Amino acid sequence: MEENDQNVLHKDASPVYQTDVNGDTGGSNTIRKGLLPEKKVVYVCSADFLSECDRIAKVPFRASITHALIEAYGLLSRMSVVPPKPATFEEICHFHSTDYIECLQRLCQDDDPDKYDEEAEEFGLGYDCPADEGVYDSASWAAGGTLTAAEHLVSGQCSVAINWAGGWHHAKRDSAAGFCYINDIVLGILKLRTKYDRVLYVDIDLHHGDGVEDAFCATSKVMTVSFHKYSPGFFPGTGNLSDTGIGKGAGYTVNVPLNEGCQDENFYRVFEKVMDIVKIKFDPEAVVCQCGADGLAGDPMDSFNLTTLSLAKCVQYLLNWSVPLLLLGGGGYHIPNTARCWTHITSVVTGTKLSSDIPEHRYFTLYGPDYDLMISPGNRADTNTPSHIKNVIAQISENLENLQ
């Protein structure tokens with residue numbers, strides 16, 4: 001790593017956690033000097049929305065646990081809280097095929113244990129994406145949250161919009177995949193495209209954002225950039241450096257494959273270097289960022305070794321572009337750590353300084369034994385060597401060189 005990269009993360013990010021030098025934490029909702037938010041932030045949420053999204057099988061109650069921590073830190077007063085509606089069948093079919101969505105609806109209403117057949121298998125419904133009762137409702141509410149957030153950006157009512165229950169990036173036009181049934185991200189990008197000519201999608205989830213890439217790989221109007229683990233046998237098995245788009249979209253797909261154990265310094269370094277090039281070559285009018293937290297240390301995926309510092313720093317980098325920004329959730333299966341991460345990012349977006357001490361609230365006991373907002377990295381070795389990082393950046397730079 002270059003010498004001037006050594007402390008790039010901690011230069012700006014660490015004050016979010018640390019107690020002031022005079023020993024005063026400033027309370028749980030202090031505005032950091034020089035960071036009064038000039039951007040209006042919309043946060044999508046309602047009681048019905050949380051209730052439905054809490055039923056998502058792979059992340060039960062994650063929506064409410066995240067919201068409760070954001071609320072406990074007093075961050076709701078720094079945002080406009082907007083209630084969403086579930087996405088309608090017609091809205092969902094702006095991307096997904098009617099045959100797939102009709103099958104999903106039908107199976108979710110059928111309690112027959114033998115309901116799965118060749119049609120269900122064709123649509124990816126089974127195994128890791130069973131069409132259990134309530135799945136369609138939960139997925140349509142999550143998608144409706146992203147559409148509501150995107151609509152507020154399109155109307156100019158805000159410059160940043162957040163849906164932490166969104167970010168289901170694996171769903172394809174005609175099939176479910178990887179716990180994802182409705183690709184709310186694609187729907188949100190299509191909504192943004194009604195106003196913005198060039199939309200950039202950035203994915204910092206542990207897994208490759210294959211469903212979004214597939215949707216836009218043949219257009220030059222949406223650039224997709226995915227930072228992810230890439231190794232044999234790791235889901236979804238796509239996202240190689242050589243995958244750069246097809247037809248009119250050739251060059252507008254950017255994949256950043258990383259190795260086991262990636263830590264904050266390497267992750268942010270490659271993010272900054274790649275996004276510097278992307279900004280120059282694509283110059284987006286709006287940005288969508290999927291902030292999956294399954295690369296955090298302690299996540300059951302047990303692959304990367306990140307803390308919230310790097311992910312929050314990536315979001316801060318995008319905020320500095322001063323273009324409309326849609327922030328979405330994604331993976332994150334250590335639920336208290338995911339809540340920590342998205343609360344931290346929310347504080348960055350709102351320019352709010354948080355105490356490192358988790359406030360007492362309904363889910364307080366989940367954060368023991370330290371009750372700290374900070375996530376410490378583990379001991380996993382970072383196998384992303386300097387030569388690997390250098391090669392990835394160089395190849396991406398070469399891939400983007402010929403973009404008009």
# chains A, B, ... in the order shown; residues from 1 in each chain; ligands from 1

call {"tool": "residues_around", "arguments": {"residues": "A:Ile393", "least_positions_apart": "4", "cutoff": "10 Å", "atoms": "only C-alpha atoms", "output": "list in words"}}
result
Leu241, Val256, Arg269, Val270, Phe271, Lys273, Val274, Ile277, Ser387, His388, Ile389, Ser397, Glu398 and Asn399 of chain A

call {"tool": "write_last_selection", "arguments": {"atoms": "C-alpha atoms", "output": "mmCIF file, in the first residue's frame"}}
result
data_model
loop_
_atom_site.group_PDB
_atom_site.id
_atom_site.type_symbol
_atom_site.label_atom_id
_atom_site.label_comp_id
_atom_site.auth_asym_id
_atom_site.auth_seq_id
_atom_site.Cartn_x
_atom_site.Cartn_y
_atom_site.Cartn_z
ATOM 1 C CA LEU A 241 -12.814 -8.162 -14.306
ATOM 2 C CA VAL A 256 -14.044 -5.083 -8.904
ATOM 3 C CA ARG A 269 -8.341 2.413 -1.396
ATOM 4 C CA VAL A 270 -9.628 0.423 -4.373
ATOM 5 C CA PHE A 271 -13.057 2.058 -4.054
ATOM 6 C CA LYS A 273 -9.248 4.799 -7.085
ATOM 7 C CA VAL A 274 -11.959 3.128 -9.187
ATOM 8 C CA ILE A 277 -12.013 7.079 -12.795
ATOM 9 C CA SER A 387 0.012 -6.484 -6.739
ATOM 10 C CA HIS A 388 -3.601 -7.741 -6.906
ATOM 11 C CA ILE A 389 -4.998 -4.337 -5.998
ATOM 12 C CA SER A 397 -8.655 1.998 -15.894
ATOM 13 C CA GLU A 398 -7.801 0.341 -19.214
ATOM 14 C CA ASN A 399 -11.373 -0.940 -19.632
#

call {"tool": "residues_around", "arguments": {"residues": "A:Glu360", "least_positions_apart": "6", "cutoff": "12 Å", "atoms": "only C-alpha atoms", "output": "list of chain:residue names"}}
result
A:Ser28, A:Ala68, A:Leu69, A:Ile70, A:Glu71, A:Ala72, A:Tyr73, A:Gly74, A:Leu366, A:Tyr367, A:Gly368, A:Tyr371, A:Asp372

call {"tool": "write_last_selection", "arguments": {"atoms": "C-alpha atoms", "output": "PDB file, in the first residue's frame"}}
result
ATOM      1  CA  SER A  28     -26.288  11.211  21.034  1.00  0.00           C
ATOM      2  CA  ALA A  68     -34.932   1.376  16.464  1.00  0.00           C
ATOM      3  CA  LEU A  69     -31.220   2.172  16.676  1.00  0.00           C
ATOM      4  CA  ILE A  70     -31.557   5.069  14.222  1.00  0.00           C
ATOM      5  CA  GLU A  71     -34.455   6.378  16.302  1.00  0.00           C
ATOM      6  CA  ALA A  72     -32.605   5.863  19.604  1.00  0.00           C
ATOM      7  CA  TYR A  73     -29.757   8.049  18.365  1.00  0.00           C
ATOM      8  CA  GLY A  74     -32.224  10.830  17.542  1.00  0.00           C
ATOM      9  CA  LEU A 366     -28.551  -7.251  21.338  1.00  0.00           C
ATOM     10  CA  TYR A 367     -25.451  -5.035  21.402  1.00  0.00           C
ATOM     11  CA  GLY A 368     -23.731  -6.627  24.392  1.00  0.00           C
ATOM     12  CA  TYR A 371     -22.710  -1.896  23.822  1.00  0.00           C
ATOM     13  CA  ASP A 372     -20.475   0.045  21.445  1.00  0.00           C
TER      14      ASP A 372
END

call {"tool": "residues_around", "arguments": {"residues": "A:Thr88", "least_positions_apart": "6", "cutoff": "10 Å", "atoms": "only C-alpha atoms", "output": "PyMOL selection string"}}
result
chain A and resi 140-141+143-144

call {"tool": "write_last_selection", "arguments": {"atoms": "C-alpha atoms", "output": "PDB file, in the first residue's frame"}}
result
ATOM      1  CA  SER A 140     -43.439  -5.716  -2.686  1.00  0.00           C
ATOM      2  CA  TRP A 141     -43.233  -3.488   0.423  1.00  0.00           C
ATOM      3  CA  ALA A 143     -39.696  -2.527  -3.495  1.00  0.00           C
ATOM      4  CA  GLY A 144     -42.312   0.109  -2.744  1.00  0.00           C
TER       5      GLY A 144
END

call {"tool": "select_by_dssp", "arguments": {"residues": "stretch 295-332 of chain A", "states": "alpha helix (DSSP H)", "output": "ChimeraX atom specification"}}
result
/A:308-319

call {"tool": "closest_atom_pairs", "arguments": {"of": "stretch 280-322 of chain A", "to": "stretch 168-192 of chain A", "cutoff": "10 Å", "atoms": "only C-alpha atoms", "output": "JSON lines"}}
result
{"residue": "A:Glu285", "atom": "CA", "partner": "A:Leu192", "partner_atom": "CA", "distance": 9.6}
{"residue": "A:Ala286", "atom": "CA", "partner": "A:Leu192", "partner_atom": "CA", "distance": 7.5}
{"residue": "A:Val287", "atom": "CA", "partner": "A:Ile189", "partner_atom": "CA", "distance": 8.8}
{"residue": "A:Val288", "atom": "CA", "partner": "A:Ile189", "partner_atom": "CA", "distance": 7.4}
{"residue": "A:Cys289", "atom": "CA", "partner": "A:Ile185", "partner_atom": "CA", "distance": 9.2}
{"residue": "A:Gln290", "atom": "CA", "partner": "A:Ile185", "partner_atom": "CA", "distance": 8.2}
{"residue": "A:Gly292", "atom": "CA", "partner": "A:Trp168", "partner_atom": "CA", "distance": 9.4}

call {"tool": "write_last_selection", "arguments": {"atoms": "N, CA and C atoms", "output": "JSON list (two decimals), in the first residue's frame"}}
result
[["chain", "number", "residue", "atom", "x", "y", "z"],
["A", 285, "GLU", "N", -25.55, 11.67, -13.34],
["A", 285, "GLU", "CA", -26.49, 12.70, -12.89],
["A", 285, "GLU", "C", -27.21, 12.28, -11.61],
["A", 286, "ALA", "N", -27.19, 10.99, -11.32],
["A", 286, "ALA", "CA", -27.76, 10.45, -10.08],
["A", 286, "ALA", "C", -27.03, 9.15, -9.76],
["A", 287, "VAL", "N", -27.01, 8.81, -8.47],
["A", 287, "VAL", "CA", -26.28, 7.62, -8.02],
["A", 287, "VAL", "C", -27.17, 6.78, -7.12],
["A", 288, "VAL", "N", -27.11, 5.47, -7.30],
["A", 288, "VAL", "CA", -27.75, 4.51, -6.40],
["A", 288, "VAL", "C", -26.65, 3.68, -5.77],
["A", 289, "CYS", "N", -26.64, 3.57, -4.44],
["A", 289, "CYS", "CA", -25.62, 2.78, -3.75],
["A", 289, "CYS", "C", -26.27, 1.72, -2.89],
["A", 290, "GLN", "N", -25.95, 0.47, -3.17],
["A", 290, "GLN", "CA", -26.39, -0.67, -2.36],
["A", 290, "GLN", "C", -25.33, -0.91, -1.30],
["A", 292, "GLY", "N", -24.76, -3.18, 1.19],
["A", 292, "GLY", "CA", -24.79, -4.46, 1.88],
["A", 292, "GLY", "C", -23.72, -4.54, 2.96]]

call {"tool": "closest_residue", "arguments": {"among": "A:Val42, A:Ala381, A:Val222, A:Leu75", "to": "A:Thr343", "atoms": "only C-alpha atoms"}}
result
A:Leu75

call {"tool": "residues_around", "arguments": {"residues": "A:Asn384", "least_positions_apart": "3", "cutoff": "12 Å", "atoms": "only C-alpha atoms", "output": "number ranges by chain"}}
result
A: 1, 229-230, 256-267, 269-270, 304-305, 380-381, 387-392

call {"tool": "residues_around", "arguments": {"residues": "A:Asp48", "least_positions_apart": "2", "cutoff": "10 Å", "atoms": "only C-alpha atoms", "output": "mmCIF file with C-alpha atoms, in the first residue's frame"}}
result
data_model
loop_
_atom_site.group_PDB
_atom_site.id
_atom_site.type_symbol
_atom_site.label_atom_id
_atom_site.label_comp_id
_atom_site.auth_asym_id
_atom_site.auth_seq_id
_atom_site.Cartn_x
_atom_site.Cartn_y
_atom_site.Cartn_z
ATOM 1 C CA CYS A 45 -40.406 4.124 6.930
ATOM 2 C CA SER A 46 -43.764 3.390 8.569
ATOM 3 C CA LEU A 50 -41.439 -2.328 9.253
ATOM 4 C CA SER A 51 -43.968 -5.026 10.110
ATOM 5 C CA GLU A 52 -43.887 -6.442 6.581
ATOM 6 C CA CYS A 53 -40.114 -6.178 6.106
ATOM 7 C CA ASP A 54 -39.510 -7.834 9.495
ATOM 8 C CA PRO A 83 -44.305 6.359 4.578
ATOM 9 C CA PRO A 84 -44.093 4.115 1.516
ATOM 10 C CA LYS A 85 -46.706 2.002 -0.192
ATOM 11 C CA PRO A 86 -46.162 -1.524 -1.477
ATOM 12 C CA TRP A 141 -43.233 -3.488 0.423
#

call {"tool": "closest_atom_pairs", "arguments": {"of": "stretch 63-119 of chain A", "to": "stretch 154-159 of chain A", "cutoff": "12 Å", "atoms": "only C-alpha atoms", "output": "Markdown table"}}
result
| residue | atom | partner | partner_atom | distance |
| --- | --- | --- | --- | --- |
| A:Met79 | CA | A:Cys158 | CA | 9.8 |
| A:Ser80 | CA | A:Cys158 | CA | 8.9 |
| A:Val81 | CA | A:Cys158 | CA | 11.4 |
| A:Val82 | CA | A:Gln157 | CA | 11.2 |

call {"tool": "closest_residue", "arguments": {"among": "A:Ala150, A:Cys103, A:Val41, A:Ala120", "to": "A:Ser77", "atoms": "only C-alpha atoms"}}
result
A:Val41

call {"tool": "closest_residue", "arguments": {"among": "A:Leu309, A:Ile375, A:Met275, A:Leu325", "to": "A:Val160", "atoms": "only C-alpha atoms"}}
result
A:Leu325

call {"tool": "atom_distance", "arguments": {"atom1": "atom CA of A:Gly330", "atom2": "atom CA of A:Gln395"}}
result
27.3 Å

call {"tool": "atom_distance", "arguments": {"atom1": "atom CA of A:Gly233", "atom2": "atom CA of A:Leu311"}}
result
25.1 Å

call {"tool": "select_by_dssp", "arguments": {"residues": "stretch 28-93 of chain A", "states": "strand (DSSP E or B)", "output": "list in words"}}
result
Thr30, Ile31, Val41, Val42, Tyr43, Val44, Ser80, Val81 and Val82 of chain A

call {"tool": "write_last_selection", "arguments": {"atoms": "N, CA and C atoms", "output": "PDB file, in the first residue's frame"}}
result
ATOM      1  N   THR A  30     -25.511  15.228  18.331  1.00  0.00           N
ATOM      2  CA  THR A  30     -24.819  16.496  18.179  1.00  0.00           C
ATOM      3  C   THR A  30     -24.396  16.669  16.731  1.00  0.00           C
ATOM      4  N   ILE A  31     -24.548  17.885  16.209  1.00  0.00           N
ATOM      5  CA  ILE A  31     -24.129  18.157  14.838  1.00  0.00           C
ATOM      6  C   ILE A  31     -22.638  18.464  14.835  1.00  0.00           C
ATOM      7  N   VAL A  41     -32.675  15.073   3.479  1.00  0.00           N
ATOM      8  CA  VAL A  41     -32.647  13.612   3.474  1.00  0.00           C
ATOM      9  C   VAL A  41     -34.051  13.066   3.720  1.00  0.00           C
ATOM     10  N   VAL A  42     -34.487  12.169   2.852  1.00  0.00           N
ATOM     11  CA  VAL A  42     -35.745  11.456   3.036  1.00  0.00           C
ATOM     12  C   VAL A  42     -35.430  10.037   3.503  1.00  0.00           C
ATOM     13  N   TYR A  43     -36.134   9.613   4.536  1.00  0.00           N
ATOM     14  CA  TYR A  43     -35.968   8.279   5.115  1.00  0.00           C
ATOM     15  C   TYR A  43     -37.313   7.576   5.022  1.00  0.00           C
ATOM     16  N   VAL A  44     -37.336   6.477   4.295  1.00  0.00           N
ATOM     17  CA  VAL A  44     -38.587   5.769   4.028  1.00  0.00           C
ATOM     18  C   VAL A  44     -38.890   4.814   5.185  1.00  0.00           C
ATOM     19  N   SER A  80     -36.580  13.745   6.813  1.00  0.00           N
ATOM     20  CA  SER A  80     -38.025  13.692   6.574  1.00  0.00           C
ATOM     21  C   SER A  80     -38.429  12.230   6.469  1.00  0.00           C
ATOM     22  N   VAL A  81     -39.255  11.777   7.397  1.00  0.00           N
ATOM     23  CA  VAL A  81     -39.697  10.381   7.405  1.00  0.00           C
ATOM     24  C   VAL A  81     -40.928  10.258   6.520  1.00  0.00           C
ATOM     25  N   VAL A  82     -40.835   9.436   5.484  1.00  0.00           N
ATOM     26  CA  VAL A  82     -41.883   9.321   4.470  1.00  0.00           C
ATOM     27  C   VAL A  82     -42.431   7.898   4.456  1.00  0.00           C
TER      28      VAL A  82
END

call {"tool": "closest_atom_pairs", "arguments": {"of": "stretch 190-293 of chain A", "to": "stretch 338-341 of chain A", "cutoff": "12 Å", "atoms": "only C-alpha atoms", "output": "Markdown table"}}
result
| residue | atom | partner | partner_atom | distance |
| --- | --- | --- | --- | --- |
| A:Asp205 | CA | A:Thr338 | CA | 11.7 |
| A:Cys291 | CA | A:Cys341 | CA | 9.1 |
| A:Gly292 | CA | A:Thr338 | CA | 8.4 |
| A:Ala293 | CA | A:Thr338 | CA | 5.7 |

call {"tool": "write_last_selection", "arguments": {"atoms": "N, CA and C atoms", "output": "compact mmCIF listing (two decimals), in the first residue's frame"}}
result
# COMPACT_ATOMS: atom_id res chain seq x y z
N ASP A 205 -21.81 -4.49 -1.44
CA ASP A 205 -22.16 -5.75 -0.80
C ASP A 205 -21.03 -6.76 -0.99
N CYS A 291 -25.73 -0.73 -0.02
CA CYS A 291 -24.77 -0.75 1.10
C CYS A 291 -24.84 -2.06 1.87
N GLY A 292 -24.76 -3.18 1.19
CA GLY A 292 -24.79 -4.46 1.88
C GLY A 292 -23.72 -4.54 2.96
N ALA A 293 -24.09 -5.10 4.12
CA ALA A 293 -23.20 -5.13 5.28
C ALA A 293 -22.67 -6.53 5.57
